[in-house]
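For reference, the structure is listed below as C-alpha cells.
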Amino acid sequence: MDHIETCVIGAGVVGLAIGRELSRQNGDLIVVDRYSRYGEGVSSRNSEVIHAGIYYPAGSLKAEMCVRGKHLLYEYCADHSVGYSRLGKLIVATNEAEEAELAGIKQKAQANGVMDLEFQSRRQVEEMEPALSVTSALLSPSTGIVSSHDLMTSFLADIETAGGSFAPNTNVERIEPHPGGFAVHCDIAGESYVFSCSKLINSAGLGAQAVAGAIEGFDPDRVPPLYYCKGNYFLMSGKNPFKHLIYPVPDPSGAGLGVHATIDLGGQVKFGPDVEYIDREDYEVTASRGETTYDAIRRYFPGLQDGSLTPGYVGIRPKLQGPGEPFQDFMIQDESDHDMPGLVQLFGIESPGLTSSMAIAETVAKRFS
C-alpha cells in the first residue's frame, strides 16, 4: 500500500495549523477531511475572534495555548497578508455585582500573563462607545478579529509549498495499528482506499471521538464523552454602532462567554453565540431564541431596535463538559496516555481553538520529538 509519513485527520484551522507545523519538518504529509473543502466544520462557524487569554484557569492548556497562540497568530497574519484587525474589546458590567466580576476577570487574566487589561469608568465607556449603557468595563486591547478562511487558505498553501497535500471527500472508516504506524482505511467518493502512515493526528473536531472509536484496539475508556453545544448567531441590520467588540460578563455556567457583539472585517455586526445543548448536529438557527437574545443584548445596548436582528448561522462547540458540569480543558493525548506510538489525538478543541491553533500545532510537534 501507499505510505505517507504523516496523516492529519481534520482540515479545520487546527488540523491545518498542525499540518503546516509538521510539514516544515517533513513534507511527506497529507491532511484528510470528510468534507469537499477545508474548514467546513467548526472552523467555518465561529466568531473569528483572536482572544487575549482572559477567562481560562491559570495553568490550563486553554490559557497557555491562547496566550501563546495570540502572539503567533498576529505575527503570522502580518507576515502572510492574512486579514485581521486588532480592534480591542470591552467586557461590560451593568450593575455592582457584575463590576465585582470584572475585578475577578482581571485577576484571572493577570494570572495567565495578560497584563494589558484596563478598567474603564462609565464616562470613559460612553466616550468610546456612546451606544452602550453600562456602569463600567474592562478594555482588552489585544483582542482582535481575523479572517478564518484566509488563515486556513494560507496554512494550506504553506503545507503544499513544503510538499504536503490535502485530500477532501475522504471519510476515515477504520484505522489499523501495526508495528511502526497505522493502516488508514478510507472511503473516497464511494471508493475504498488504504494507505499507511507513521504518524497519525486525530484533529477531527466534532468527529474526533468517532475517529478514535475507529482505531482498532483503542481503549474506549480513553475517549472522552462529546457534548454538542449549539450557539446561535444573529445578524444586525443597519449601521454598525460599535468600534470595539462588546462582551458581557461571562455566563455563570462557564459554557459560554455570553451573547456578545462581534464585528467582521467587512464591518457586519453579529450577536452570539448563546448556549444550547443538543443531541445531534443541527445547523438551523433556533428562531425562538431570538427573543431571549434581544433581552440579553439590551442589558448593555438598550437602543437595539425591534426587528433589527435576523437569523445568521449556527456553530456547534465540541464540548467535553455537559450541562452544569465544571470546566474541561483541551485534551491532547499522546503515547504516554494510550501506549500507541505515533498517535496524537485532540478532543474538546472549542474556543479558543482558533486563537490557539498555532500554539496547539507547536505542542503536537513537540509530542513527536
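Please note that chains go A, B, ... in the order of the C-alpha cells, that every chain numbers its residues from 1, and that ligands are numbered from 1 in the order shown.
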
request  = List every residue of segment 216-321 of chain A that DSSP, applied to the backbone, labels as strand (DSSP E or B), and write the result as an MDAnalysis selection string.
outcome  = chainID A and resid 227:236 245:248 260:263 269:272 276:278 309:319

key: All residues 10 Å or closer to Arg289 of chain A, only C-alpha atoms, same chain fewer than 2 positions away omitted, as a PyMOL selection string   = chain A and resi 232+234+274+276+285-287+291-294+311

Could you save the residues just selected, with N, CA and C atoms, as a compact mmCIF listing (two decimals), in the first residue's frame?
# COMPACT_ATOMS: atom_id res chain seq x y z
N ASN A 232 -26.27 29.98 18.58
CA ASN A 232 -26.98 30.69 17.53
C ASN A 232 -26.42 32.10 17.37
N PHE A 234 -27.01 35.89 15.42
CA PHE A 234 -27.99 36.75 14.76
C PHE A 234 -27.26 37.97 14.18
N ASP A 274 -25.23 32.01 21.77
CA ASP A 274 -25.83 31.62 23.03
C ASP A 274 -25.40 30.19 23.35
N GLU A 276 -26.83 26.34 23.89
CA GLU A 276 -27.97 25.42 23.75
C GLU A 276 -27.42 24.01 23.52
N VAL A 285 -30.75 27.80 12.72
CA VAL A 285 -30.86 28.78 13.80
C VAL A 285 -32.18 28.56 14.53
N THR A 286 -32.11 28.48 15.85
CA THR A 286 -33.32 28.32 16.66
C THR A 286 -33.98 29.68 16.80
N ALA A 287 -34.92 29.95 15.89
CA ALA A 287 -35.52 31.28 15.81
C ALA A 287 -36.19 31.70 17.11
N GLU A 291 -35.95 36.08 20.94
CA GLU A 291 -36.49 36.96 21.98
C GLU A 291 -35.54 37.07 23.16
N THR A 292 -35.00 35.94 23.61
CA THR A 292 -34.06 35.99 24.72
C THR A 292 -32.76 36.67 24.30
N THR A 293 -32.42 36.57 23.02
CA THR A 293 -31.22 37.26 22.52
C THR A 293 -31.40 38.76 22.59
N TYR A 294 -32.58 39.27 22.18
CA TYR A 294 -32.86 40.70 22.32
C TYR A 294 -32.71 41.13 23.77
N PRO A 311 -31.85 35.84 11.73
CA PRO A 311 -31.05 34.64 11.96
C PRO A 311 -29.83 34.61 11.05

message = I'd like the contact shell of Met1 of chain A - 7 Å cut-off, only C-alpha atoms, skipping same-chain residues fewer than 5 positions apart - returned as a VMD selection string.
response = chain A and resid 194 to 196

inquiry  = Let's see if you can do this: from backbone DSSP, list all helix (DSSP H, G or I) residues in segment 16-124 of chain A, as a PyMOL selection string.
reply    = chain A and resi 16-23+42-44+61-80+96-111+122-124

query = Excluding same-chain residues fewer than 3 positions from segment 147-162 of chain A, what lies within 7 Å of it counting only C-alpha atoms, as a ChimeraX atom specification?
reply = /A:13,16-17,19-20,23-24,27,48,82-84,165

Give one line per residue of segment 93-176 of chain A that approaches segment 235-254 of chain A to at most 7 Å, naming the two atoms of the closest pair and their distance in Å to one decimal, counting only C-alpha atoms; sort by chain then ascending residue number and deliver it as a tab-separated table.
residue	atom	partner	partner_atom	distance
A:Ala93	CA	A:Val249	CA	6.4
A:Glu98	CA	A:Val249	CA	6.6
A:Glu129	CA	A:Phe242	CA	6.3
A:Ala131	CA	A:Pro241	CA	6.5

Can you spit out the residues from that selection as an mmCIF file, in the first residue's frame, using all heavy atoms?
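Everything below was put into selection.cif:
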data_model
loop_
_atom_site.group_PDB
_atom_site.id
_atom_site.type_symbol
_atom_site.label_atom_id
_atom_site.label_comp_id
_atom_site.auth_asym_id
_atom_site.auth_seq_id
_atom_site.Cartn_x
_atom_site.Cartn_y
_atom_site.Cartn_z
ATOM 1 N N ALA A 93 -19.941 45.723 32.442
ATOM 2 C CA ALA A 93 -20.760 45.448 33.620
ATOM 3 C C ALA A 93 -21.943 46.387 33.613
ATOM 4 O O ALA A 93 -21.824 47.563 33.252
ATOM 5 C CB ALA A 93 -19.945 45.643 34.890
ATOM 6 N N GLU A 98 -21.870 42.736 38.764
ATOM 7 C CA GLU A 98 -21.031 42.465 37.591
ATOM 8 C C GLU A 98 -19.715 43.236 37.659
ATOM 9 O O GLU A 98 -18.687 42.765 37.150
ATOM 10 C CB GLU A 98 -21.795 42.800 36.314
ATOM 11 C CG GLU A 98 -22.927 41.829 36.033
ATOM 12 C CD GLU A 98 -23.651 42.103 34.733
ATOM 13 O OE1 GLU A 98 -23.463 43.206 34.151
ATOM 14 O OE2 GLU A 98 -24.411 41.219 34.288
ATOM 15 N N GLU A 129 -17.816 54.247 23.356
ATOM 16 C CA GLU A 129 -18.957 53.568 22.724
ATOM 17 C C GLU A 129 -20.254 54.214 23.215
ATOM 18 O O GLU A 129 -20.884 53.747 24.163
ATOM 19 C CB GLU A 129 -18.941 52.071 23.069
ATOM 20 C CG GLU A 129 -17.748 51.300 22.544
ATOM 21 C CD GLU A 129 -17.809 51.084 21.029
ATOM 22 O OE1 GLU A 129 -18.804 51.506 20.394
ATOM 23 O OE2 GLU A 129 -16.856 50.500 20.478
ATOM 24 N N ALA A 131 -23.227 54.135 22.294
ATOM 25 C CA ALA A 131 -24.455 53.337 22.223
ATOM 26 C C ALA A 131 -24.630 52.434 23.437
ATOM 27 O O ALA A 131 -25.719 51.892 23.653
ATOM 28 C CB ALA A 131 -24.471 52.498 20.945
#

key: Arg68 of chain A environment, 9 Å, only C-alpha atoms, sequence neighbours closer than 5 positions dropped, as a VMD selection string   = chain A and resid 53 63 73 355 to 356 358 to 359

Residue among A:Leu320, A:Val32, A:Val146, A:Ala58 lying closest to Lys108 of chain A, counting only C-alpha atoms =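 Nearest to Lys108 of chain A: A:Ala58.
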
request  = Can you work out which one of A:Ala137, A:Ile201, A:Val211, A:Ala261 has the shortest atom-to-atom distance to Cys186 of chain A, counting only C-alpha atoms?
outcome  =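 The shortest atom-to-atom distance to Cys186 of chain A comes from A:Val211.
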